[in-house]
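As stored in my_file.txt (compact mmCIF, C-alpha atoms):
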# COMPACT_ATOMS: atom_id res chain seq x y z
CA MET L 1 -31.31 -5.75 7.62
CA GLN L 2 -29.17 -6.77 4.66
CA TYR L 3 -25.48 -7.71 4.90
CA PRO L 4 -23.98 -6.97 1.48
CA LEU L 5 -20.49 -6.46 2.95
CA THR L 6 -19.23 -9.75 4.34
CA GLU L 7 -18.40 -9.05 7.98
CA LYS L 8 -15.19 -10.56 9.34
CA ILE L 9 -16.97 -11.70 12.50
CA GLY L 10 -18.73 -14.45 10.59
CA HIS L 11 -22.43 -14.82 11.28
CA PRO L 12 -23.91 -11.33 11.86
CA GLU L 13 -25.60 -12.40 15.12
CA LEU L 14 -22.15 -12.81 16.72
CA LEU L 15 -21.79 -9.02 17.04
CA VAL L 16 -23.26 -8.19 20.45
CA GLY L 17 -22.77 -5.66 23.22
CA ARG L 18 -22.03 -2.51 21.21
CA GLU L 19 -25.37 -0.76 21.70
CA LYS L 20 -23.85 2.33 23.34
CA GLU L 21 -21.30 2.77 20.54
CA PHE L 22 -23.94 2.30 17.84
CA ARG L 23 -26.21 4.90 19.51
CA GLN L 24 -23.32 7.39 19.51
CA PHE L 25 -22.55 6.70 15.87
CA ASP L 26 -26.23 6.83 14.89
CA LYS L 27 -26.41 10.35 16.29
CA TRP L 28 -23.26 11.30 14.37
CA LEU L 29 -24.52 9.63 11.18
CA SER L 30 -27.84 11.47 11.39
CA LEU L 31 -25.95 14.77 11.08
CA ILE L 32 -24.10 13.83 7.87
CA PRO L 33 -26.91 14.72 5.40
CA ASN L 34 -26.91 18.29 6.76
CA ARG L 35 -23.09 18.55 6.70
CA MET L 36 -22.92 18.84 10.47
CA SER L 37 -20.67 15.84 11.20
CA LYS L 38 -16.90 15.98 11.29
CA SER L 39 -14.51 13.16 10.45
CA ARG L 40 -14.03 10.46 13.05
CA VAL L 41 -11.28 8.00 13.79
CA ILE L 42 -11.75 4.81 15.76
CA LEU L 43 -8.69 3.93 17.78
CA ALA L 44 -8.44 0.86 19.97
CA ARG L 45 -6.11 -2.03 20.63
CA ARG L 46 -5.72 -4.81 18.07
CA LYS L 47 -8.46 -7.42 17.84
CA SER L 48 -10.96 -5.29 19.77
CA GLY L 49 -13.69 -5.31 17.08
CA LYS L 50 -13.03 -2.08 15.16
CA THR L 51 -13.29 -3.73 11.74
CA VAL L 52 -16.55 -5.55 12.40
CA PHE L 53 -17.98 -2.37 13.96
CA VAL L 54 -17.32 -0.28 10.85
CA GLN L 55 -18.44 -3.12 8.58
CA ARG L 56 -21.75 -3.19 10.47
CA ILE L 57 -22.07 0.58 10.04
CA PHE L 58 -21.60 0.06 6.30
CA ASN L 59 -24.26 -2.67 6.23
CA ARG L 60 -26.71 -0.60 8.25
CA LEU L 61 -26.32 2.42 5.97
CA TRP L 62 -26.53 0.28 2.83
CA SER L 63 -29.70 -1.36 4.17
CA GLU L 64 -31.34 1.99 4.92
CA PRO L 65 -31.09 4.06 1.72
CA ASN L 66 -33.51 6.65 3.10
CA ARG L 67 -30.88 7.85 5.60
CA GLY L 68 -29.35 9.93 2.84
CA VAL L 69 -25.80 8.60 3.24
CA ILE L 70 -24.06 6.23 0.82
CA PRO L 71 -21.42 4.08 2.54
CA PHE L 72 -18.03 3.31 1.04
CA TYR L 73 -15.80 0.75 2.78
CA PHE L 74 -12.20 0.15 1.74
CA ASP L 75 -9.77 -2.15 3.55
CA ILE L 76 -6.11 -1.27 3.02
CA ALA L 77 -4.72 -4.77 3.16
CA GLU L 78 -1.31 -5.90 4.35
CA ASN L 79 -0.25 -6.68 0.78
CA LYS L 80 2.34 -4.88 -1.30
CA ALA L 81 0.68 -2.80 -3.98
CA TRP L 82 2.01 -0.60 -6.75
CA TYR L 83 0.68 2.98 -6.44
CA PRO L 84 -1.33 3.10 -9.72
CA ASP L 85 -2.79 -0.37 -9.10
CA PHE L 86 -3.84 0.79 -5.64
CA ALA L 87 -5.54 3.85 -7.16
CA VAL L 88 -7.45 1.65 -9.62
CA ASP L 89 -8.44 -0.80 -6.87
CA TYR L 90 -9.67 2.07 -4.68
CA TYR L 91 -11.71 3.59 -7.50
CA ARG L 92 -13.16 0.25 -8.63
CA THR L 93 -14.26 -0.46 -5.06
CA PHE L 94 -15.79 2.99 -4.66
CA ALA L 95 -17.63 2.94 -8.00
CA SER L 96 -18.87 -0.63 -7.52
CA GLN L 97 -20.21 0.11 -4.03
CA TYR L 98 -21.82 3.31 -5.30
CA ILE L 99 -23.50 1.42 -8.15
CA SER L 100 -24.51 -1.38 -5.75
CA PHE L 101 -26.24 1.18 -3.53
CA ILE L 102 -28.03 2.90 -6.42
CA GLN L 103 -29.08 -0.39 -8.07
CA ARG L 104 -29.64 -2.23 -4.74
CA ASP L 105 -27.34 -5.01 -5.98
CA GLU L 106 -25.57 -6.66 -3.03
CA GLN L 107 -23.14 -8.66 -5.20
CA LEU L 108 -21.24 -5.57 -6.33
CA VAL L 109 -20.09 -4.81 -2.78
CA ASN L 110 -17.79 -7.82 -2.52
CA GLN L 111 -17.13 -8.29 -6.26
CA PRO L 112 -15.97 -4.97 -7.72
CA LEU L 113 -16.60 -4.28 -11.37
CA THR L 114 -13.72 -3.82 -13.81
CA LEU L 115 -13.01 -0.32 -15.09
CA GLU L 116 -14.55 -1.31 -18.41
CA GLU L 117 -17.74 -2.56 -16.69
CA ILE L 118 -17.93 0.69 -14.71
CA ARG L 119 -17.60 2.70 -17.93
CA ASP L 120 -20.27 0.54 -19.62
CA TYR L 121 -22.61 1.12 -16.67
CA GLY L 122 -21.95 4.85 -16.88
CA LEU L 123 -22.73 4.89 -20.59
CA ALA L 124 -25.91 2.82 -20.18
CA ASN L 125 -27.16 4.96 -17.28
CA SER L 126 -26.13 8.43 -18.48
CA ASN L 127 -23.58 8.82 -15.69
CA LYS L 128 -20.92 10.91 -17.42
CA ARG L 129 -18.86 11.17 -14.23
CA LEU L 130 -18.18 7.42 -14.16
CA VAL L 131 -17.29 7.40 -17.85
CA SER L 132 -14.97 10.38 -17.50
CA ASP L 133 -13.24 8.98 -14.41
CA VAL L 134 -12.56 5.62 -16.04
CA ASN L 135 -11.24 7.29 -19.19
CA SER L 136 -9.01 9.51 -17.06
CA LEU L 137 -7.65 6.60 -15.02
CA LEU L 138 -6.82 4.58 -18.13
CA LYS L 139 -5.21 7.52 -19.95
CA ASP L 140 -3.21 8.61 -16.90
CA LYS L 141 -1.96 5.05 -16.32
CA GLU L 142 -0.83 4.83 -19.92
CA MET L 143 1.00 8.16 -19.59
CA GLY L 144 2.54 7.26 -16.21
CA LEU L 145 0.66 10.02 -14.37
CA HIS L 146 0.24 8.06 -11.16
CA ASP L 147 -0.41 11.06 -8.89
CA SER L 148 -3.24 12.10 -11.19
CA MET L 149 -4.67 8.59 -11.00
CA TRP L 150 -4.67 8.69 -7.21
CA LYS L 151 -6.30 12.13 -7.22
CA THR L 152 -9.11 10.82 -9.43
CA ALA L 153 -9.57 7.86 -7.09
CA TYR L 154 -9.42 9.54 -3.68
CA SER L 155 -11.49 12.55 -4.69
CA ALA L 156 -14.32 10.49 -6.19
CA PRO L 157 -16.58 10.40 -3.09
CA HIS L 158 -16.30 14.17 -2.63
CA ARG L 159 -16.87 14.91 -6.32
CA PHE L 160 -19.85 12.53 -6.55
CA ALA L 161 -21.37 14.02 -3.40
CA ALA L 162 -21.20 17.51 -4.87
CA LEU L 163 -22.40 16.51 -8.34
CA PHE L 164 -25.28 14.29 -7.23
CA GLU L 165 -26.17 16.26 -4.10
CA THR L 166 -25.75 13.31 -1.78
CA ARG L 167 -23.42 12.35 1.08
CA PHE L 168 -20.89 9.57 1.39
CA LEU L 169 -19.41 7.99 4.47
CA VAL L 170 -15.86 6.93 3.55
CA ILE L 171 -14.65 4.13 5.83
CA LEU L 172 -10.94 3.37 5.49
CA ASP L 173 -10.01 0.28 7.46
CA GLU L 174 -6.37 -0.31 8.43
CA PHE L 175 -5.42 3.14 7.17
CA GLN L 176 -1.94 2.85 8.71
CA ASN L 177 -1.07 0.25 6.05
CA ILE L 178 -1.00 2.89 3.33
CA THR L 179 2.52 3.97 4.31
CA GLN L 180 3.86 0.44 4.70
CA TYR L 181 2.40 -1.46 1.74
CA ILE L 182 1.85 1.04 -1.09
CA TYR L 183 4.92 1.47 -3.32
CA PRO L 184 5.69 4.05 -6.01
CA ASP L 185 7.71 1.54 -8.04
CA GLN L 186 6.56 -1.67 -9.63
CA GLN L 187 9.31 -3.73 -7.95
CA TYR L 188 8.18 -2.71 -4.41
CA GLN L 189 11.64 -1.37 -3.55
CA THR L 190 11.03 2.17 -2.25
CA ARG L 191 8.24 3.73 -0.24

Please re-express this file's structure in structure tokens.
Amino acid sequence: MQYPLTEKIGHPELLVGREKEFRQFDKWLSLIPNRMSKSRVILARRKSGKTVFVQRIFNRLWSEPNRGVIPFYFDIAENKAWYPDFAVDYYRTFASQYISFIQRDEQLVNQPLTLEEIRDYGLANSNKRLVSDVNSLLKDKEMGLHDSMWKTAYSAPHRFAALFETRFLVILDEFQNITQYIYPDQQYQTR
């Protein structure tokens, strides 16, 4: 198995004792290609291993491209972020992980491409969706259309799944941070 996403546990062999949970998730994951799985939330007390569990799910899916599911992992950090910058960061992470999966390039998982690099990849590989999304993000940022930027970013997995007839597993880690650390103003004054 490959470990393109650096797991917070450290050495991958340190994750032990979750066989039952992985079996349950494997069954759920096997239903995704046929659109038979519903969204899931993992709730547990702090420091109980949720993050490393979902990171391992990402790594397992990335390592097994024949499963028919492309993983996308995004950690909503405990850092103040301006709304349009957050949208760009989200999209860059999504597009880079998508490209990493298609190209089998592990480095792109932890080192997201710039918007310009994503557009260049789209142009070089006849992926008009990537080119159009990057152009839209840049134009909307220039015009101050921040809600439109976020819509482009958050809808990307769904739009790509429909266009390319594939499935994505969107893993949002620390989702609760979105209301506490993402600000609509550049001075981080209002939420």

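If only C-alpha atoms are the atoms counted, then among L:Arg35, L:Lys50, L:Arg104, L:Arg92 the closest residue to L:Tyr154 is L:Arg92.
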
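For the pair atom CA of L:Ser155 and atom CA of L:Phe168, the separation is 11.6 Å.
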
request  = Check the smallest atom-to-atom distance from each of L:Phe58, L:Tyr83, L:Tyr73, L:Tyr188 to L:Gly144 using all atoms listed in the file, then report the winner.
outcome  = L:Tyr83

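Note that atom CA of L:Gln2 and atom CA of L:Phe164 are 24.5 Å apart.
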
Residue contacts of L:Glu64 (10 Å, all atoms listed in the file) excluding same-chain residues fewer than 6 positions away, as a ChimeraX atom specification = /L:1-2,70,101

inquiry  = Would you pick out the contacts of stretch 113-127 of chain L at 8 Å or less, using all atoms listed in the file, so that residues sharing its chain but fewer than 2 positions from it are not included, and give the list as a PyMOL selection string?
reply    = chain L and resi 92-93+95-96+108+111+129-131+134-135

message = Which residues are near L:Gln55? Cut-off 8 Å, all atoms listed in the file, ignore same chain within fewer than 2 positions. Put them as an MDAnalysis selection string.
response = chainID L and resid 5:7 51:53 57:59 73

Go ahead and write the selection's residues with C-alpha atoms as a PDB file, in the frame of the given file.
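Result file result-v8.pdb:
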ATOM      1  CA  LEU L   5     -20.490  -6.460   2.950  1.00  0.00           C
ATOM      2  CA  THR L   6     -19.230  -9.750   4.340  1.00  0.00           C
ATOM      3  CA  GLU L   7     -18.400  -9.050   7.980  1.00  0.00           C
ATOM      4  CA  THR L  51     -13.290  -3.730  11.740  1.00  0.00           C
ATOM      5  CA  VAL L  52     -16.550  -5.550  12.400  1.00  0.00           C
ATOM      6  CA  PHE L  53     -17.980  -2.370  13.960  1.00  0.00           C
ATOM      7  CA  ILE L  57     -22.070   0.580  10.040  1.00  0.00           C
ATOM      8  CA  PHE L  58     -21.600   0.060   6.300  1.00  0.00           C
ATOM      9  CA  ASN L  59     -24.260  -2.670   6.230  1.00  0.00           C
ATOM     10  CA  TYR L  73     -15.800   0.750   2.780  1.00  0.00           C
TER      11      TYR L  73
END

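Reported to one decimal place, the separation of atom CA of L:Pro184 from atom CA of L:Lys151 is 14.5 Å.
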
key: Test item: residues at most 8 Å from stretch 20-32 of chain L, only C-alpha atoms, excluding those fewer than 4 positions along its chain, as a ChimeraX atom specification   = /L:36-37,67,69,167

ask   = If we count all atoms listed in the file, what is near L:Glu78 at a cut-off of 10 Å, once residues fewer than 3 positions away on the same chain are taken out, given as a ChimeraX atom specification?
value = /L:75,81,174,176-178,180-182

Mind writing the picked residues with C-alpha atoms as a tab-separated table (two decimals), keeping the file's coordinate frame?
chain	number	residue	atom	x	y	z
L	75	ASP	CA	-9.77	-2.15	3.55
L	81	ALA	CA	0.68	-2.80	-3.98
L	174	GLU	CA	-6.37	-0.31	8.43
L	176	GLN	CA	-1.94	2.85	8.71
L	177	ASN	CA	-1.07	0.25	6.05
L	178	ILE	CA	-1.00	2.89	3.33
L	180	GLN	CA	3.86	0.44	4.70
L	181	TYR	CA	2.40	-1.46	1.74
L	182	ILE	CA	1.85	1.04	-1.09
